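What follows is a set of notes on a single structure, which appears directly below.
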Amino acid sequence: MLHTIEEIYAKAEMIIKVKEPVASEYSLIREDQLLFTYFHFASNEDLTHAMIKNKSVCLAYETVEKADKSLPLLVPMSEVAGRMAIQKGANYLEKPLGGRGILLGGVPGVLPAKVIILGGGIVGTQAAYMAAGLGADVTVMDISLNRLRYLSEIMPSNVNTMMSNELNIRKMVKEADLVIGAILVTGARAPHLITKDMLKEMKAGSVLVDVAVDQGGCIETCKPTTHENPTFVIDGVVHYCVSNMPGAVPFTSTLALTNATLPYAIQLADKGWEKACRENLDLKNGLNVVKGDVVYQAVAETFNLPHVPVEKYLT
Ligand SMILES: NC(=O)c1ccc[n+]([C@@H]2O[C@H](COP(=O)([O-])OP(=O)(O)OC[C@H]3O[C@@H](n4cnc5c(N)ncnc54)[C@H](O)[C@@H]3O)[C@@H](O)[C@H]2O)c1
């Protein structure tokens, strides 16, 4: 057990973290040290330059990618955020917190709340399960007909599916008590599916939880908020837009994340990063910055830096 962060960086050959290094860590990171964590380089130019400068080996959770294009180290956080979105939404629908004072599941003789979920991916599916379990009247909207077909097969009977388009969204949000924004367009900013003018037609005290806020948000009026100050109200509609939702439940989030990262971490520790990345393409896709070179094309393009093919280090 080491007692200071300086000792850890001085001794360790491999560092496993959750969030990207903060500025005070930049100078502690050593040449050839392996860092396995979320980096999100494309949204942080200072971090990118700092990791180039210290010549470390940066393997980013968010770009570890399987052959079927799925991102196994992003899934656990989406699962947490999706489930939490309903918990938060139910909470903010309560009158003392600014909501319209409606119980998600209703009671015998009183109709349940209407929950609209935009996007039926990982976040949307987990949110739908939670809302359905509480007895709400749930509709999941997506642009993928195949995804809607799948959801309609596996979901309980209080979950309906609907094609996502402007006409349908406009109609549904008017009647909604709780709307969850859960869309993702890979590599792009989320489009604004709920526009300012739609907000005016929503019920006073209804609640919007924009989980997609970390990609710019799919609700025009959303801006990122924090756990300390999670909501604001526009046109009588409560907005919850915390960009790091899993941070509020670190016990669950840490276990969920390490369940997914540990098999990869063991390979890196046992084989060393070069052999592990040669033998496991998921891990190879995670390499972003290696010994001063940007080896991940999208990061190089974002900051106009030279892109060095990762194979330089893996032959
Ligand atoms: N705020 C947080 O703490 C937090 C945590 C985890 C994930 N997220 C974010 O949640 C969002 C969803 O993540 P995910 O893992 O579920 O992604 P995902 O790729 O599994 O699902 C996204 C879904 O959105 C659908 N979609 C795309 N455009 C659409 C449109 N116009 N209308 C309806 N559906 C549309 C896709 O077809 C897909 O099914 C992402 O933006 C992610 O970054 C936020």
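Residues are named by chain letter and number: chains run A, B, ... in the order of the structure tokens, numbers start at 1 in each chain, and ligands are numbered from 1 in the order shown.
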
Cut-off 6 Å, only C-alpha atoms and all ligand atoms, neighbours of ligand 1 as a short mmCIF file (atom, residue, chain, number, x, y, z; two decimals) with N, CA and C atoms, in the first residue's frame:
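This is the output file pocket_29.cif:
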```
data_model
loop_
_atom_site.label_atom_id
_atom_site.label_comp_id
_atom_site.auth_asym_id
_atom_site.auth_seq_id
_atom_site.Cartn_x
_atom_site.Cartn_y
_atom_site.Cartn_z
N VAL A 75 -20.27 0.14 -22.19
CA VAL A 75 -21.58 -0.45 -21.87
C VAL A 75 -21.93 -0.33 -20.38
N MET A 77 -21.27 1.79 -18.07
CA MET A 77 -21.70 3.13 -17.63
C MET A 77 -23.07 3.49 -18.21
N SER A 78 -23.33 3.00 -19.43
CA SER A 78 -24.65 3.24 -20.02
C SER A 78 -25.72 2.47 -19.25
N ALA A 81 -26.34 4.49 -16.10
CA ALA A 81 -27.05 5.75 -16.38
C ALA A 81 -28.50 5.50 -16.79
N LEU A 118 -36.31 8.29 -25.74
CA LEU A 118 -35.78 8.54 -27.09
C LEU A 118 -34.47 7.79 -27.24
N GLY A 119 -34.43 6.76 -28.07
CA GLY A 119 -33.23 5.93 -28.24
C GLY A 119 -33.39 4.64 -27.46
N GLY A 120 -33.34 3.52 -28.18
CA GLY A 120 -33.55 2.22 -27.54
C GLY A 120 -32.27 1.39 -27.51
N GLY A 121 -31.13 2.05 -27.31
CA GLY A 121 -29.85 1.33 -27.19
C GLY A 121 -29.66 0.83 -25.76
N ILE A 122 -28.42 0.88 -25.28
CA ILE A 122 -28.15 0.34 -23.93
C ILE A 122 -28.87 1.19 -22.88
N VAL A 123 -28.68 2.51 -22.91
CA VAL A 123 -29.32 3.39 -21.92
C VAL A 123 -30.84 3.24 -21.99
N GLY A 124 -31.38 3.34 -23.20
CA GLY A 124 -32.83 3.31 -23.39
C GLY A 124 -33.45 1.99 -22.93
N MET A 141 -38.72 5.10 -28.44
CA MET A 141 -38.67 5.57 -29.83
C MET A 141 -37.25 5.43 -30.36
N ASP A 142 -37.09 4.88 -31.55
CA ASP A 142 -35.76 4.73 -32.14
C ASP A 142 -35.91 4.85 -33.65
N ILE A 143 -34.78 5.13 -34.34
CA ILE A 143 -34.83 5.18 -35.81
C ILE A 143 -34.51 3.82 -36.42
N SER A 144 -34.09 2.88 -35.58
CA SER A 144 -33.76 1.54 -36.10
C SER A 144 -34.96 0.62 -35.91
N SER A 164 -38.99 6.82 -34.39
CA SER A 164 -38.61 8.17 -34.00
C SER A 164 -38.55 9.07 -35.23
N ALA A 182 -31.82 9.38 -24.79
CA ALA A 182 -30.83 8.29 -24.70
C ALA A 182 -30.31 7.92 -26.07
N ILE A 183 -30.10 8.94 -26.93
CA ILE A 183 -29.67 8.59 -28.29
C ILE A 183 -28.16 8.73 -28.43
N LEU A 184 -27.64 8.06 -29.43
CA LEU A 184 -26.21 8.20 -29.76
C LEU A 184 -26.06 8.06 -31.26
N VAL A 185 -25.39 9.02 -31.86
CA VAL A 185 -25.01 8.92 -33.26
C VAL A 185 -23.49 8.85 -33.22
N VAL A 211 -29.84 12.05 -20.85
CA VAL A 211 -28.63 11.26 -20.57
C VAL A 211 -27.57 11.53 -21.64
N ALA A 212 -28.02 11.86 -22.85
CA ALA A 212 -27.09 12.09 -23.97
C ALA A 212 -26.37 13.43 -23.86
N VAL A 213 -26.51 14.10 -22.73
CA VAL A 213 -25.92 15.44 -22.57
C VAL A 213 -24.40 15.41 -22.78
N ASP A 214 -23.77 14.25 -22.50
CA ASP A 214 -22.30 14.20 -22.69
C ASP A 214 -21.92 14.22 -24.16
N GLN A 215 -22.88 14.03 -25.06
CA GLN A 215 -22.61 14.16 -26.50
C GLN A 215 -23.29 15.42 -27.03
N VAL A 242 -27.20 15.82 -15.91
CA VAL A 242 -25.89 15.56 -15.31
C VAL A 242 -25.05 14.73 -16.29
N SER A 243 -23.86 15.23 -16.60
CA SER A 243 -23.07 14.56 -17.65
C SER A 243 -22.30 13.35 -17.14
N ASN A 244 -22.19 13.21 -15.82
CA ASN A 244 -21.54 12.01 -15.28
C ASN A 244 -22.46 11.37 -14.25
N MET A 245 -23.56 10.81 -14.73
CA MET A 245 -24.55 10.23 -13.82
C MET A 245 -23.98 9.10 -12.97
N PRO A 246 -23.19 8.17 -13.55
CA PRO A 246 -22.71 7.04 -12.73
C PRO A 246 -21.87 7.47 -11.54
#
```

Spatial neighbours of range 104-106 of chain A, max dist 7 Å, only C-alpha atoms, sep filter under 6 positions, as a list of chain:residue names: A:Ala90, A:Pro112, A:Ala113, A:Leu134, A:Gly135, A:Ala136

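Of the listed residues A:His307, A:Lys11, A:Lys114, A:Leu208, the one whose atoms come nearest to Asp293 in chain A is A:His307, with distances taken using only C-alpha atoms.
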
Running DSSP on the backbone, which parts of range 156-216 of chain A land in strand (DSSP E or B), as a list in words? Val159, Asn160, Thr161, Met162, Met163, Leu178, Val179, Ile180, Gly181, Ile194, Val207, Leu208, Val209 and Asp210 of chain A

Residues within 12 Å of Ser27 in chain A, please, as JSON, numbers by chain. Count only C-alpha atoms; anything in the same chain fewer than 4 positions from it doesn't count. {"A": [5, 6, 9, 10, 21, 22, 23, 31, 47, 49, 50, 51, 52, 53, 54, 55, 56]}

Any chance you can output those residues with C-alpha atoms as a PDB file, in the first residue's frame?
```
ATOM      1  CA  ILE A   5       0.125   9.683  -5.632  1.00  0.00           C
ATOM      2  CA  GLU A   6       3.782  10.595  -6.307  1.00  0.00           C
ATOM      3  CA  TYR A   9       3.424   7.073 -10.321  1.00  0.00           C
ATOM      4  CA  ALA A  10       7.109   6.612  -9.417  1.00  0.00           C
ATOM      5  CA  PRO A  21      -5.465  12.132 -15.584  1.00  0.00           C
ATOM      6  CA  VAL A  22      -5.968  15.656 -14.224  1.00  0.00           C
ATOM      7  CA  ALA A  23      -3.410  18.431 -14.789  1.00  0.00           C
ATOM      8  CA  GLU A  31       7.919   7.538 -20.215  1.00  0.00           C
ATOM      9  CA  LEU A  47      -4.549  16.233 -22.063  1.00  0.00           C
ATOM     10  CA  HIS A  49      -0.528  17.244 -25.692  1.00  0.00           C
ATOM     11  CA  ALA A  50       0.460  16.332 -22.122  1.00  0.00           C
ATOM     12  CA  MET A  51       0.338  12.592 -22.881  1.00  0.00           C
ATOM     13  CA  ILE A  52       2.318  13.091 -26.106  1.00  0.00           C
ATOM     14  CA  LYS A  53       4.920  15.024 -24.135  1.00  0.00           C
ATOM     15  CA  ASN A  54       5.395  12.503 -21.319  1.00  0.00           C
ATOM     16  CA  LYS A  55       5.718   9.594 -23.821  1.00  0.00           C
ATOM     17  CA  SER A  56       3.455   7.256 -21.862  1.00  0.00           C
TER      18      SER A  56
END
```

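Of the residues under consideration (A:Gly82, A:Gly286, A:Pro250, A:Gly205), A:Gly205 shows the shortest atom-to-atom contact distance to Gly99 in chain A when counting only C-alpha atoms.
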
Just the residues within 12 Å of Gly98 in chain A, please, counting only C-alpha atoms, with nothing from its chain fewer than 6 positions along; format it as a short mmCIF file (atom, residue, chain, number, x, y, z; two decimals) with C-alpha atoms, in the first residue's frame.
```cif
data_model
loop_
_atom_site.label_atom_id
_atom_site.label_comp_id
_atom_site.auth_asym_id
_atom_site.auth_seq_id
_atom_site.Cartn_x
_atom_site.Cartn_y
_atom_site.Cartn_z
CA GLY A 89 -37.00 11.12 -13.20
CA ALA A 90 -39.40 9.54 -10.69
CA ASN A 91 -37.84 11.63 -7.96
CA TYR A 92 -38.11 14.95 -9.82
CA ALA A 204 -46.02 22.00 -16.57
CA GLY A 205 -43.99 19.99 -14.06
CA SER A 206 -43.05 17.30 -16.56
CA VAL A 207 -39.43 16.14 -16.39
CA THR A 231 -31.67 20.56 -12.44
CA PHE A 232 -33.04 23.77 -13.90
CA VAL A 233 -36.53 24.72 -15.12
CA ILE A 234 -37.47 26.16 -18.53
CA GLY A 236 -42.19 24.92 -16.38
CA VAL A 237 -40.35 21.75 -17.49
CA VAL A 238 -37.72 20.33 -15.11
CA HIS A 239 -34.41 19.53 -16.89
CA TYR A 240 -31.96 17.01 -15.37
#
```

Close residues, range 282-284 of chain A itself excluded, 6 Å, only C-alpha atoms, min 5 positions apart in chain, as a VMD selection string: chain A and resid 64 to 66 277

Output file for the residues above (C-alpha atoms, as a compact mmCIF listing (two decimals), in the first residue's frame):
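Here's the written file out35.txt:
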```txt
# COMPACT_ATOMS: atom_id res chain seq x y z
CA VAL A 64 -11.55 -0.63 -26.85
CA GLU A 65 -13.73 -2.11 -29.60
CA LYS A 66 -14.91 -5.62 -30.42
CA CYS A 277 -2.45 -5.77 -28.12
```

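Proximity to Lys203 in chain A was assessed for A:Ile102, A:Leu145, A:Val57, A:Val299 counting only C-alpha atoms; the smallest distance is recorded for A:Ile102.
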
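Residue neighbourhood of Val308 in chain A, excluding near-sequence residues (fewer than 2 positions): A:Asp293, A:Val294, A:Val295, A:Tyr296, A:Pro306, A:Val310, A:Lys312, at 8 Å, using only C-alpha atoms.
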
If you count only C-alpha atoms, which residues fall within 12 Å of Met198 in chain A, apart from same-chain ones fewer than 6 positions away, as a PyMOL selection string? chain A and resi 166-176+192+219-221+234-235+237

Grab the residues selected above and save them as a short mmCIF file (atom, residue, chain, number, x, y, z; two decimals), in the first residue's frame with all heavy atoms.
```
data_model
loop_
_atom_site.label_atom_id
_atom_site.label_comp_id
_atom_site.auth_asym_id
_atom_site.auth_seq_id
_atom_site.Cartn_x
_atom_site.Cartn_y
_atom_site.Cartn_z
N GLU A 166 -39.84 13.50 -36.34
CA GLU A 166 -40.27 14.75 -35.72
C GLU A 166 -41.76 14.75 -35.39
O GLU A 166 -42.17 15.16 -34.30
CB GLU A 166 -39.92 15.94 -36.64
CG GLU A 166 -40.02 17.25 -35.87
CD GLU A 166 -39.98 18.47 -36.75
OE1 GLU A 166 -39.37 18.41 -37.83
OE2 GLU A 166 -40.58 19.49 -36.32
N LEU A 167 -42.56 14.24 -36.33
CA LEU A 167 -44.02 14.24 -36.13
C LEU A 167 -44.40 13.43 -34.89
O LEU A 167 -45.16 13.90 -34.03
CB LEU A 167 -44.67 13.63 -37.38
CG LEU A 167 -46.16 13.81 -37.49
CD1 LEU A 167 -46.49 15.25 -37.83
CD2 LEU A 167 -46.73 12.86 -38.55
N ASN A 168 -43.83 12.21 -34.79
CA ASN A 168 -44.16 11.34 -33.65
C ASN A 168 -43.64 11.91 -32.33
O ASN A 168 -44.32 11.84 -31.31
CB ASN A 168 -43.58 9.94 -33.88
CG ASN A 168 -44.41 9.15 -34.88
OD1 ASN A 168 -45.53 9.54 -35.20
ND2 ASN A 168 -43.86 8.05 -35.37
N ILE A 169 -42.42 12.47 -32.37
CA ILE A 169 -41.86 13.02 -31.12
C ILE A 169 -42.73 14.19 -30.64
O ILE A 169 -43.10 14.28 -29.47
CB ILE A 169 -40.39 13.47 -31.32
CG1 ILE A 169 -39.50 12.26 -31.61
CG2 ILE A 169 -39.88 14.24 -30.11
CD1 ILE A 169 -38.07 12.58 -32.01
N ARG A 170 -43.11 15.06 -31.56
CA ARG A 170 -43.94 16.23 -31.21
C ARG A 170 -45.25 15.78 -30.54
O ARG A 170 -45.68 16.32 -29.54
CB ARG A 170 -44.21 17.03 -32.47
CG ARG A 170 -44.76 18.41 -32.26
CD ARG A 170 -44.80 19.19 -33.56
NE ARG A 170 -43.53 19.74 -33.96
CZ ARG A 170 -42.99 20.84 -33.46
NH1 ARG A 170 -43.61 21.53 -32.53
NH2 ARG A 170 -41.82 21.27 -33.89
N LYS A 171 -45.84 14.74 -31.11
CA LYS A 171 -47.12 14.24 -30.58
C LYS A 171 -46.91 13.63 -29.18
O LYS A 171 -47.68 13.90 -28.26
CB LYS A 171 -47.63 13.17 -31.55
CG LYS A 171 -48.85 12.41 -31.12
CD LYS A 171 -49.27 11.49 -32.26
CE LYS A 171 -50.47 10.64 -31.98
NZ LYS A 171 -50.47 9.78 -30.87
N MET A 172 -45.85 12.84 -29.02
CA MET A 172 -45.66 12.09 -27.78
C MET A 172 -45.24 12.99 -26.61
O MET A 172 -45.67 12.76 -25.47
CB MET A 172 -44.61 10.98 -27.97
CG MET A 172 -45.03 9.90 -28.94
SD MET A 172 -46.62 9.15 -28.54
CE MET A 172 -46.18 8.09 -27.17
N VAL A 173 -44.38 13.99 -26.86
CA VAL A 173 -43.89 14.79 -25.73
C VAL A 173 -45.00 15.65 -25.11
O VAL A 173 -44.95 15.96 -23.93
CB VAL A 173 -42.65 15.66 -26.06
CG1 VAL A 173 -41.47 14.81 -26.41
CG2 VAL A 173 -42.95 16.68 -27.12
N LYS A 174 -46.02 15.97 -25.90
CA LYS A 174 -47.15 16.75 -25.37
C LYS A 174 -47.84 16.02 -24.23
O LYS A 174 -48.33 16.60 -23.29
CB LYS A 174 -48.19 16.94 -26.49
CG LYS A 174 -48.00 18.19 -27.30
CD LYS A 174 -49.21 18.34 -28.24
CE LYS A 174 -48.73 18.86 -29.57
NZ LYS A 174 -49.70 18.79 -30.62
N GLU A 175 -47.88 14.68 -24.37
CA GLU A 175 -48.60 13.87 -23.39
C GLU A 175 -47.68 13.33 -22.29
O GLU A 175 -48.14 12.74 -21.32
CB GLU A 175 -49.24 12.66 -24.09
CG GLU A 175 -50.22 13.02 -25.18
CD GLU A 175 -50.51 11.83 -26.08
OE1 GLU A 175 -50.14 10.69 -25.73
OE2 GLU A 175 -51.09 12.05 -27.15
N ALA A 176 -46.36 13.53 -22.44
CA ALA A 176 -45.41 12.85 -21.56
C ALA A 176 -45.33 13.47 -20.17
O ALA A 176 -45.47 14.68 -20.01
CB ALA A 176 -44.02 12.88 -22.20
N HIS A 192 -30.80 17.65 -32.02
CA HIS A 192 -31.82 18.14 -31.08
C HIS A 192 -33.19 17.59 -31.48
O HIS A 192 -33.84 18.12 -32.37
CB HIS A 192 -31.85 19.66 -31.07
CG HIS A 192 -30.64 20.24 -30.41
ND1 HIS A 192 -30.07 21.43 -30.79
CD2 HIS A 192 -29.88 19.77 -29.40
CE1 HIS A 192 -29.01 21.67 -30.04
NE2 HIS A 192 -28.87 20.67 -29.19
N ILE A 219 -31.83 17.37 -26.39
CA ILE A 219 -32.90 18.32 -26.09
C ILE A 219 -32.28 19.71 -26.20
O ILE A 219 -31.24 19.99 -25.57
CB ILE A 219 -33.44 18.04 -24.66
CG1 ILE A 219 -34.13 16.66 -24.66
CG2 ILE A 219 -34.38 19.13 -24.20
CD1 ILE A 219 -34.31 16.03 -23.32
N GLU A 220 -32.86 20.55 -27.05
CA GLU A 220 -32.21 21.83 -27.40
C GLU A 220 -31.88 22.68 -26.18
O GLU A 220 -30.85 23.35 -26.13
CB GLU A 220 -33.13 22.62 -28.36
CG GLU A 220 -32.45 23.83 -28.97
CD GLU A 220 -33.33 24.54 -30.00
OE1 GLU A 220 -34.50 24.15 -30.21
OE2 GLU A 220 -32.81 25.52 -30.58
N THR A 221 -32.76 22.63 -25.16
CA THR A 221 -32.58 23.51 -24.01
C THR A 221 -31.67 22.92 -22.92
O THR A 221 -31.51 23.52 -21.87
CB THR A 221 -33.96 23.83 -23.40
OG1 THR A 221 -34.72 22.61 -23.37
CG2 THR A 221 -34.70 24.87 -24.20
N ILE A 234 -37.16 25.25 -17.41
CA ILE A 234 -37.47 26.16 -18.53
C ILE A 234 -38.90 25.88 -18.97
O ILE A 234 -39.26 24.70 -19.14
CB ILE A 234 -36.49 25.96 -19.72
CG1 ILE A 234 -35.05 26.27 -19.30
CG2 ILE A 234 -36.89 26.85 -20.91
CD1 ILE A 234 -34.02 26.07 -20.40
N ASP A 235 -39.70 26.94 -19.13
CA ASP A 235 -41.11 26.80 -19.51
C ASP A 235 -41.86 25.82 -18.61
O ASP A 235 -42.70 25.04 -19.08
CB ASP A 235 -41.23 26.34 -20.98
CG ASP A 235 -40.81 27.44 -21.96
OD1 ASP A 235 -40.84 28.62 -21.57
OD2 ASP A 235 -40.45 27.10 -23.09
N VAL A 237 -40.80 23.15 -17.34
CA VAL A 237 -40.35 21.75 -17.49
C VAL A 237 -39.01 21.58 -16.77
O VAL A 237 -38.07 22.34 -16.99
CB VAL A 237 -40.20 21.39 -18.99
CG1 VAL A 237 -39.67 19.97 -19.16
CG2 VAL A 237 -41.54 21.56 -19.71
#
```

Name the residues of range 1-227 of chain A that come out as helix (DSSP H, G or I) in a backbone DSSP run; write them as a ChimeraX atom specification. /A:5-11,23-26,41-43,45-54,61-63,75-92,95-97,122-133,145-154,166-175,196-199,211-215

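Counting only C-alpha atoms, the residue from A:Gly272, A:Gly217, A:Pro72, A:Pro263 that sits nearest to Cys241 in chain A is A:Gly217.
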
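When only C-alpha atoms are used to compute distances to Leu59 in chain A, the closest of the residues A:Ala127, A:Met202, A:Ala85, A:Ala276 turns out to be A:Ala276.
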